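What follows is a single structure, written as structure tokens, with notes after it.
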Amino acid sequence: MSSILIGTSGYDYPEWKGVFYPPEIKRADFLSYYATQFNAVELNNMFYNMPTAERLFSFYERSEGNLQFSIKANRLLTHEVDSQWQNSADDFKTALNPLLEKDCLCAVLFQFPQSFHYTNDNRIYLAKVIAAFEGFPVVIEFRHIEWIRESVFEGLVQRKASVAFCDMPDLKNLPKMSVVEPVETTTRTQFIGPNAYIRLHGRNANAWYSASPEQNGSGRYDYEYSEEELKEFVQVVHVASEEGRKVQVYFNNHPKGNGAKNAIMLKEMVLNQQFN
């Protein structure tokens with residue numbers, strides 16, 4: 001299962017105590033415990049605060065080298081882009097270097113907002129920011145359906161970037177991507193790029209665009225996948241791995257510890273199929 005990475009989007013959730021983490025564990029020990037259960041983690045808090053090399057190296061140390069890390073790009077590179085974005089890119093790359101050198105950086109995730117439309121200026125910026133991160137495992141997440149087109153995918157493949165497949169509610173303007181394609185008696189995946197990158201956000205359609213404080217934000221990710229729903233991804237994971245792609249699956253349905261519970265379920269299902 002070395003080419004298959006399964007984990008959660010974030011790990012530092014106190015509400016997971018008693019659900020995933022032992023009740024008596026200290027928060028400072030969350031990551032070391034997490035590393036005994038999963039082989040990868042997607043770090044999202046770098047989106048809000050520009051990380052430093054020292055901080056990212058500390059994650060490596062606390063996990064004792066047992067985790068692969070996907071790092072979400074800082075908002076100055078995706079949501080709040082200005083004329084100084086290249087300085088932000090340089091700062092971010094400097095912070096990433098320790099993980100890159102330790103060969104435990106499995107992805108740099110650029111998650112663009114729904115307001116990032118398919119325009120000429122945005123296409124140019126996307127090409128520039130990917131070029132700025134040449135040599136890094138770049139993954140792009142689109143939140144608007146306008147980007148789901150062959151010309152975009154071809155350009156990303158040429159630049160050795162991958163596209164994140166996101167499991168989300170079936171709502172207007174959200175990308176709708178099929179991740180598998182039957183071919184006669186077999187199946188092949190439709191992942192774009194060297195990484196088969198899957199983010200499971202949940203299917204909480206009622207809360208996705210809610211304006212209420214109770215539903216907005218983390219409320220949209222308040223969802224628990226059933227065993228039947230997770231079965232949809234087992235074959236996808238295996239086929240993508242057989243295609244030679246690095247498979248990464250992260251559960252972002254973090255409220256109530258659902259992400260951790262679902263990640264454990266999927267990990268066991270994938271392992272069971274491997275040995276059956």
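We name chains A, B, ... following the order of the structure tokens; residues begin at 1 in each chain, and ligands are numbered from 1 as shown.
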Spatial neighbours of region 218-222 of chain A, 12 Å, only C-alpha atoms, chain gap at least 4 places, as a VMD selection string: chain A and resid 9 13 167 to 169 199 to 214 251 to 259
Residue selection dump (N, CA and C atoms) as a PDB file, in the first residue's frame:
ATOM      1  N   SER A   9      -7.930  15.669   6.154  1.00  0.00           N
ATOM      2  CA  SER A   9      -7.595  17.071   5.919  1.00  0.00           C
ATOM      3  C   SER A   9      -7.509  17.750   7.282  1.00  0.00           C
ATOM      4  N   TYR A  13      -7.800  18.531  15.828  1.00  0.00           N
ATOM      5  CA  TYR A  13      -9.184  18.797  16.194  1.00  0.00           C
ATOM      6  C   TYR A  13      -9.462  18.247  17.603  1.00  0.00           C
ATOM      7  N   ASP A 167     -15.105  15.014  -4.093  1.00  0.00           N
ATOM      8  CA  ASP A 167     -16.456  14.506  -3.885  1.00  0.00           C
ATOM      9  C   ASP A 167     -17.213  15.568  -3.101  1.00  0.00           C
ATOM     10  N   MET A 168     -18.200  16.178  -3.755  1.00  0.00           N
ATOM     11  CA  MET A 168     -18.962  17.289  -3.185  1.00  0.00           C
ATOM     12  C   MET A 168     -20.428  17.125  -3.552  1.00  0.00           C
ATOM     13  N   PRO A 169     -21.293  17.954  -2.990  1.00  0.00           N
ATOM     14  CA  PRO A 169     -22.702  17.894  -3.397  1.00  0.00           C
ATOM     15  C   PRO A 169     -22.876  18.225  -4.879  1.00  0.00           C
ATOM     16  N   ARG A 199     -10.227  14.293  -2.733  1.00  0.00           N
ATOM     17  CA  ARG A 199     -10.650  14.983  -1.508  1.00  0.00           C
ATOM     18  C   ARG A 199     -12.142  14.715  -1.309  1.00  0.00           C
ATOM     19  N   LEU A 200     -12.484  14.212  -0.158  1.00  0.00           N
ATOM     20  CA  LEU A 200     -13.890  13.915   0.137  1.00  0.00           C
ATOM     21  C   LEU A 200     -14.419  14.968   1.093  1.00  0.00           C
ATOM     22  N   HIS A 201     -15.211  15.873   0.545  1.00  0.00           N
ATOM     23  CA  HIS A 201     -15.750  16.998   1.319  1.00  0.00           C
ATOM     24  C   HIS A 201     -17.091  16.674   1.963  1.00  0.00           C
ATOM     25  N   GLY A 202     -17.685  15.563   1.586  1.00  0.00           N
ATOM     26  CA  GLY A 202     -19.029  15.256   2.064  1.00  0.00           C
ATOM     27  C   GLY A 202     -20.083  15.700   1.059  1.00  0.00           C
ATOM     28  N   ARG A 203     -21.323  15.299   1.307  1.00  0.00           N
ATOM     29  CA  ARG A 203     -22.412  15.572   0.371  1.00  0.00           C
ATOM     30  C   ARG A 203     -23.552  16.317   1.049  1.00  0.00           C
ATOM     31  N   ASN A 204     -23.168  17.270   1.896  1.00  0.00           N
ATOM     32  CA  ASN A 204     -24.140  18.038   2.675  1.00  0.00           C
ATOM     33  C   ASN A 204     -24.637  19.226   1.846  1.00  0.00           C
ATOM     34  N   ALA A 205     -25.518  18.939   0.908  1.00  0.00           N
ATOM     35  CA  ALA A 205     -25.985  19.961  -0.039  1.00  0.00           C
ATOM     36  C   ALA A 205     -26.709  21.112   0.652  1.00  0.00           C
ATOM     37  N   ASN A 206     -27.470  20.820   1.683  1.00  0.00           N
ATOM     38  CA  ASN A 206     -28.263  21.864   2.341  1.00  0.00           C
ATOM     39  C   ASN A 206     -27.406  22.927   3.011  1.00  0.00           C
ATOM     40  N   ALA A 207     -26.210  22.561   3.432  1.00  0.00           N
ATOM     41  CA  ALA A 207     -25.361  23.507   4.164  1.00  0.00           C
ATOM     42  C   ALA A 207     -24.292  24.149   3.293  1.00  0.00           C
ATOM     43  N   TRP A 208     -24.135  23.684   2.054  1.00  0.00           N
ATOM     44  CA  TRP A 208     -22.993  24.127   1.253  1.00  0.00           C
ATOM     45  C   TRP A 208     -22.998  25.633   1.019  1.00  0.00           C
ATOM     46  N   TYR A 209     -24.159  26.188   0.700  1.00  0.00           N
ATOM     47  CA  TYR A 209     -24.252  27.627   0.439  1.00  0.00           C
ATOM     48  C   TYR A 209     -25.018  28.355   1.547  1.00  0.00           C
ATOM     49  N   SER A 210     -25.174  27.704   2.683  1.00  0.00           N
ATOM     50  CA  SER A 210     -25.952  28.311   3.762  1.00  0.00           C
ATOM     51  C   SER A 210     -25.283  29.566   4.301  1.00  0.00           C
ATOM     52  N   ALA A 211     -26.110  30.571   4.606  1.00  0.00           N
ATOM     53  CA  ALA A 211     -25.599  31.832   5.159  1.00  0.00           C
ATOM     54  C   ALA A 211     -25.635  31.838   6.685  1.00  0.00           C
ATOM     55  N   SER A 212     -26.226  30.824   7.296  1.00  0.00           N
ATOM     56  CA  SER A 212     -26.327  30.823   8.759  1.00  0.00           C
ATOM     57  C   SER A 212     -24.996  30.456   9.387  1.00  0.00           C
ATOM     58  N   PRO A 213     -24.623  31.098  10.480  1.00  0.00           N
ATOM     59  CA  PRO A 213     -23.349  30.797  11.145  1.00  0.00           C
ATOM     60  C   PRO A 213     -23.242  29.344  11.570  1.00  0.00           C
ATOM     61  N   GLU A 214     -24.398  28.727  11.883  1.00  0.00           N
ATOM     62  CA  GLU A 214     -24.370  27.345  12.326  1.00  0.00           C
ATOM     63  C   GLU A 214     -24.029  26.386  11.187  1.00  0.00           C
ATOM     64  N   PHE A 251      -9.908  12.930   3.703  1.00  0.00           N
ATOM     65  CA  PHE A 251     -11.285  13.194   4.128  1.00  0.00           C
ATOM     66  C   PHE A 251     -11.344  14.561   4.803  1.00  0.00           C
ATOM     67  N   ASN A 252     -12.173  15.441   4.231  1.00  0.00           N
ATOM     68  CA  ASN A 252     -12.330  16.792   4.759  1.00  0.00           C
ATOM     69  C   ASN A 252     -13.636  16.950   5.539  1.00  0.00           C
ATOM     70  N   ASN A 253     -14.346  15.858   5.760  1.00  0.00           N
ATOM     71  CA  ASN A 253     -15.598  15.904   6.530  1.00  0.00           C
ATOM     72  C   ASN A 253     -15.253  15.785   8.021  1.00  0.00           C
ATOM     73  N   HIS A 254     -14.519  16.795   8.504  1.00  0.00           N
ATOM     74  CA  HIS A 254     -13.890  16.688   9.826  1.00  0.00           C
ATOM     75  C   HIS A 254     -14.809  16.849  11.035  1.00  0.00           C
ATOM     76  N   PRO A 255     -15.965  17.563  10.958  1.00  0.00           N
ATOM     77  CA  PRO A 255     -16.779  17.694  12.168  1.00  0.00           C
ATOM     78  C   PRO A 255     -17.151  16.346  12.789  1.00  0.00           C
ATOM     79  N   LYS A 256     -17.118  16.304  14.119  1.00  0.00           N
ATOM     80  CA  LYS A 256     -17.513  15.118  14.900  1.00  0.00           C
ATOM     81  C   LYS A 256     -16.591  13.921  14.694  1.00  0.00           C
ATOM     82  N   GLY A 257     -15.432  14.156  14.090  1.00  0.00           N
ATOM     83  CA  GLY A 257     -14.496  13.059  13.873  1.00  0.00           C
ATOM     84  C   GLY A 257     -14.866  12.153  12.728  1.00  0.00           C
ATOM     85  N   ASN A 258     -15.831  12.577  11.885  1.00  0.00           N
ATOM     86  CA  ASN A 258     -16.272  11.721  10.786  1.00  0.00           C
ATOM     87  C   ASN A 258     -15.159  11.444   9.790  1.00  0.00           C
ATOM     88  N   GLY A 259     -14.298  12.429   9.552  1.00  0.00           N
ATOM     89  CA  GLY A 259     -13.211  12.236   8.605  1.00  0.00           C
ATOM     90  C   GLY A 259     -12.290  11.110   9.026  1.00  0.00           C
TER      91      GLY A 259
END
If you take only C-alpha atoms and a cut-off of 7 Å, which residues of region 83-185 of chain A touch region 51-70 of chain A, and what are their nearest atom pairs and distances in Å to one decimal, in chain and number order, as CSV?
residue,atom,partner,partner_atom,distance
A:Phe92,CA,A:Pro51,CA,6.9
A:Thr94,CA,A:Ala53,CA,6.4
A:Ala95,CA,A:Ala53,CA,3.8
A:Leu96,CA,A:Ala53,CA,6.3
A:Asn97,CA,A:Ala53,CA,6.9
A:Pro98,CA,A:Phe57,CA,5.9
A:Leu99,CA,A:Phe57,CA,6.6
A:Cys104,CA,A:Gln68,CA,4.7
A:Leu105,CA,A:Phe69,CA,5.0
A:Cys106,CA,A:Ser70,CA,5.4
A:Ala107,CA,A:Ser70,CA,4.5
A:Val108,CA,A:Ser70,CA,5.7
A:Leu109,CA,A:Ser70,CA,6.9
I need the residues from that last selection saved to file as a PDB file, in the first residue's frame (with C-alpha atoms), if you can.
ATOM      1  CA  PHE A  92       6.139  29.366   0.601  1.00  0.00           C
ATOM      2  CA  THR A  94      11.377  28.163   1.226  1.00  0.00           C
ATOM      3  CA  ALA A  95       9.085  26.787   3.921  1.00  0.00           C
ATOM      4  CA  LEU A  96       8.414  23.614   1.918  1.00  0.00           C
ATOM      5  CA  ASN A  97      12.062  22.790   1.258  1.00  0.00           C
ATOM      6  CA  PRO A  98      12.708  20.740   4.436  1.00  0.00           C
ATOM      7  CA  LEU A  99       9.844  18.368   3.584  1.00  0.00           C
ATOM      8  CA  CYS A 104       7.945  13.386   2.453  1.00  0.00           C
ATOM      9  CA  LEU A 105       6.200  16.167   0.510  1.00  0.00           C
ATOM     10  CA  CYS A 106       3.582  14.338  -1.544  1.00  0.00           C
ATOM     11  CA  ALA A 107       1.597  17.348  -2.809  1.00  0.00           C
ATOM     12  CA  VAL A 108       1.235  21.112  -2.817  1.00  0.00           C
ATOM     13  CA  LEU A 109      -2.494  21.740  -3.119  1.00  0.00           C
TER      14      LEU A 109
END
Nearby residues (only C-alpha atoms) at most 9 Å from Pro113 (chain A), same-chain spacing under 2 positions excluded, as number ranges by chain: A: 78-79, 111, 115-117, 141-144
12 Å contact set for Thr119 (chain A), only C-alpha atoms, chain neighbours under 3 positions out, as a VMD selection string: chain A and resid 115 to 116 122 to 126 144 146 to 147 152
Backbone-only DSSP, helix (DSSP H, G or I) members of region 33-140 of chain A, as number ranges by chain: A: 33-37, 45-47, 53-62, 75-77, 85-101, 120-132
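For the pair CA of Asp12 (chain A) and CA of Ile264 (chain A), the separation is 16.8 Å.
Here CA of Lys102 (chain A) stands at a distance of 19.4 Å from CA of Val139 (chain A).
CA of Leu31 (chain A) sits 27.2 Å away from CA of Val163 (chain A).
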Test item, strand (DSSP E) assignment across region 104-251 of chain A, answer as JSON, numbers by chain: {"A": [105, 106, 107, 108, 109, 110, 111, 138, 139, 140, 141, 162, 163, 164, 165, 166, 167, 180, 181, 182, 183, 186, 187, 188, 189, 195, 196, 197, 198, 199, 200, 246, 247, 248, 249, 250, 251]}
Write the residues you've just listed into a file as a compact mmCIF listing (two decimals), in the first residue's frame, and include N, CA and C atoms for each of them.
# COMPACT_ATOMS: atom_id res chain seq x y z
N LEU A 105 7.18 15.22 1.02
CA LEU A 105 6.20 16.17 0.51
C LEU A 105 5.51 15.51 -0.68
N CYS A 106 4.26 15.08 -0.48
CA CYS A 106 3.58 14.34 -1.54
C CYS A 106 2.71 15.23 -2.42
N ALA A 107 2.40 16.45 -1.97
CA ALA A 107 1.60 17.35 -2.81
C ALA A 107 1.63 18.77 -2.25
N VAL A 108 1.52 19.72 -3.16
CA VAL A 108 1.24 21.11 -2.82
C VAL A 108 -0.11 21.42 -3.45
N LEU A 109 -1.12 21.60 -2.63
CA LEU A 109 -2.49 21.74 -3.12
C LEU A 109 -2.86 23.21 -3.28
N PHE A 110 -3.19 23.59 -4.50
CA PHE A 110 -3.68 24.94 -4.78
C PHE A 110 -5.20 24.83 -4.96
N GLN A 111 -5.93 25.20 -3.92
CA GLN A 111 -7.38 25.14 -3.98
C GLN A 111 -7.92 26.54 -4.28
N VAL A 138 2.65 19.54 -7.74
CA VAL A 138 1.54 20.48 -7.75
C VAL A 138 0.21 19.77 -8.05
N VAL A 139 -0.79 20.09 -7.23
CA VAL A 139 -2.16 19.60 -7.44
C VAL A 139 -3.08 20.82 -7.44
N ILE A 140 -3.97 20.89 -8.43
CA ILE A 140 -4.90 22.01 -8.56
C ILE A 140 -6.32 21.54 -8.24
N GLU A 141 -6.99 22.29 -7.38
CA GLU A 141 -8.40 22.03 -7.11
C GLU A 141 -9.23 23.21 -7.61
N SER A 162 -1.30 18.02 -11.43
CA SER A 162 -2.44 17.11 -11.32
C SER A 162 -3.69 17.88 -10.93
N VAL A 163 -4.84 17.27 -11.16
CA VAL A 163 -6.12 17.87 -10.80
C VAL A 163 -6.73 17.06 -9.66
N ALA A 164 -7.19 17.75 -8.63
CA ALA A 164 -7.85 17.07 -7.51
C ALA A 164 -9.27 16.69 -7.92
N PHE A 165 -9.62 15.44 -7.65
CA PHE A 165 -11.01 15.02 -7.78
C PHE A 165 -11.67 15.26 -6.43
N CYS A 166 -12.76 16.01 -6.43
CA CYS A 166 -13.44 16.35 -5.18
C CYS A 166 -14.83 15.75 -5.14
N ASP A 167 -15.10 15.01 -4.09
CA ASP A 167 -16.46 14.51 -3.89
C ASP A 167 -17.21 15.57 -3.10
N VAL A 180 -13.98 7.46 -13.05
CA VAL A 180 -13.72 6.17 -13.68
C VAL A 180 -14.39 6.12 -15.04
N GLU A 181 -13.79 5.34 -15.92
CA GLU A 181 -14.34 5.18 -17.28
C GLU A 181 -14.29 3.71 -17.66
N PRO A 182 -15.44 3.07 -17.83
CA PRO A 182 -15.44 1.65 -18.24
C PRO A 182 -14.93 1.54 -19.68
N VAL A 183 -14.07 0.58 -19.92
CA VAL A 183 -13.56 0.32 -21.27
C VAL A 183 -13.72 -1.18 -21.52
N THR A 186 -12.95 -3.85 -18.76
CA THR A 186 -12.06 -3.38 -17.70
C THR A 186 -12.43 -1.95 -17.31
N THR A 187 -11.62 -1.36 -16.48
CA THR A 187 -11.87 0.01 -16.02
C THR A 187 -10.57 0.77 -16.00
N ARG A 188 -10.62 2.02 -16.35
CA ARG A 188 -9.46 2.89 -16.20
C ARG A 188 -9.92 4.19 -15.54
N THR A 189 -9.01 4.84 -14.90
CA THR A 189 -9.39 6.07 -14.22
C THR A 189 -9.18 7.26 -15.15
N ASN A 195 -0.58 12.43 -9.99
CA ASN A 195 -1.22 12.17 -8.70
C ASN A 195 -2.71 11.88 -8.89
N ALA A 196 -3.16 10.77 -8.33
CA ALA A 196 -4.60 10.52 -8.24
C ALA A 196 -5.02 11.08 -6.89
N TYR A 197 -5.46 12.33 -6.90
CA TYR A 197 -5.68 13.07 -5.66
C TYR A 197 -7.18 13.21 -5.42
N ILE A 198 -7.65 12.61 -4.32
CA ILE A 198 -9.08 12.59 -4.03
C ILE A 198 -9.34 13.31 -2.71
N ARG A 199 -10.23 14.29 -2.73
CA ARG A 199 -10.65 14.98 -1.51
C ARG A 199 -12.14 14.72 -1.31
N LEU A 200 -12.48 14.21 -0.16
CA LEU A 200 -13.89 13.91 0.14
C LEU A 200 -14.42 14.97 1.09
N LYS A 246 0.47 8.02 -8.00
CA LYS A 246 0.50 8.11 -6.54
C LYS A 246 -0.90 8.48 -6.09
N VAL A 247 -1.52 7.59 -5.34
CA VAL A 247 -2.90 7.79 -4.91
C VAL A 247 -2.91 8.46 -3.54
N GLN A 248 -3.66 9.55 -3.45
CA GLN A 248 -3.81 10.26 -2.19
C GLN A 248 -5.30 10.51 -1.94
N VAL A 249 -5.77 10.09 -0.78
CA VAL A 249 -7.18 10.26 -0.42
C VAL A 249 -7.24 10.97 0.93
N TYR A 250 -7.93 12.11 0.96
CA TYR A 250 -8.04 12.87 2.20
C TYR A 250 -9.51 13.19 2.48
N PHE A 251 -9.91 12.93 3.70
CA PHE A 251 -11.28 13.19 4.13
C PHE A 251 -11.34 14.56 4.80
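The list of residues with at least one atom within 12 Å of Pro14 (chain A), based on only C-alpha atoms and without residues fewer than 5 positions apart in the same chain, reads Val19, Phe20, Tyr21, Pro22, Pro23, Glu24, Ile25, Lys26, Arg27, Ala28, Asp29, Phe30, Leu31, His254, Pro255, Lys256 and Gly257 of chain A.
The closest residue to Thr8 (chain A), picked from A:Gln84, A:Ser32, A:Asn49, A:Gln37 and counting only C-alpha atoms, is A:Gln37.
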Exercise: His238 (chain A) partners within 12 Å, only C-alpha atoms, chain neighbours under 3 positions left out, as number ranges by chain: A: 1-5, 180, 187-189, 196, 231-235, 241-249, 266-267, 269-274
Spatial neighbours of Ile145 (chain A), 10 Å, only C-alpha atoms, chain gap at least 2 places, as a ChimeraX atom specification: /A:114,117-118,142-143,147-149,172-177
Any chance you could export the current selection's C-alpha atoms as a CSV table (one decimal), in the first residue's frame?
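Dumped everything to result-v7.csv:
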chain,number,residue,atom,x,y,z
A,114,GLN,CA,-15.5,29.3,-6.8
A,117,HIS,CA,-13.5,31.8,-13.1
A,118,TYR,CA,-12.1,30.6,-16.4
A,142,PHE,CA,-11.0,23.9,-9.0
A,143,ARG,CA,-14.3,24.9,-7.4
A,147,TRP,CA,-12.4,24.9,-15.6
A,148,ILE,CA,-13.5,21.3,-16.4
A,149,ARG,CA,-12.5,21.1,-20.0
A,172,LYS,CA,-24.9,24.4,-9.6
A,173,ASN,CA,-21.4,25.6,-10.7
A,174,LEU,CA,-19.5,23.0,-8.7
A,175,PRO,CA,-17.3,20.7,-10.8
A,176,LYS,CA,-18.8,17.4,-11.8
A,177,MET,CA,-16.0,15.0,-12.7
Shortest interatomic distance to Ser88 (chain A) - which of A:Phe133, A:Phe112, A:Tyr225, A:Tyr11, counting only C-alpha atoms: A:Phe133
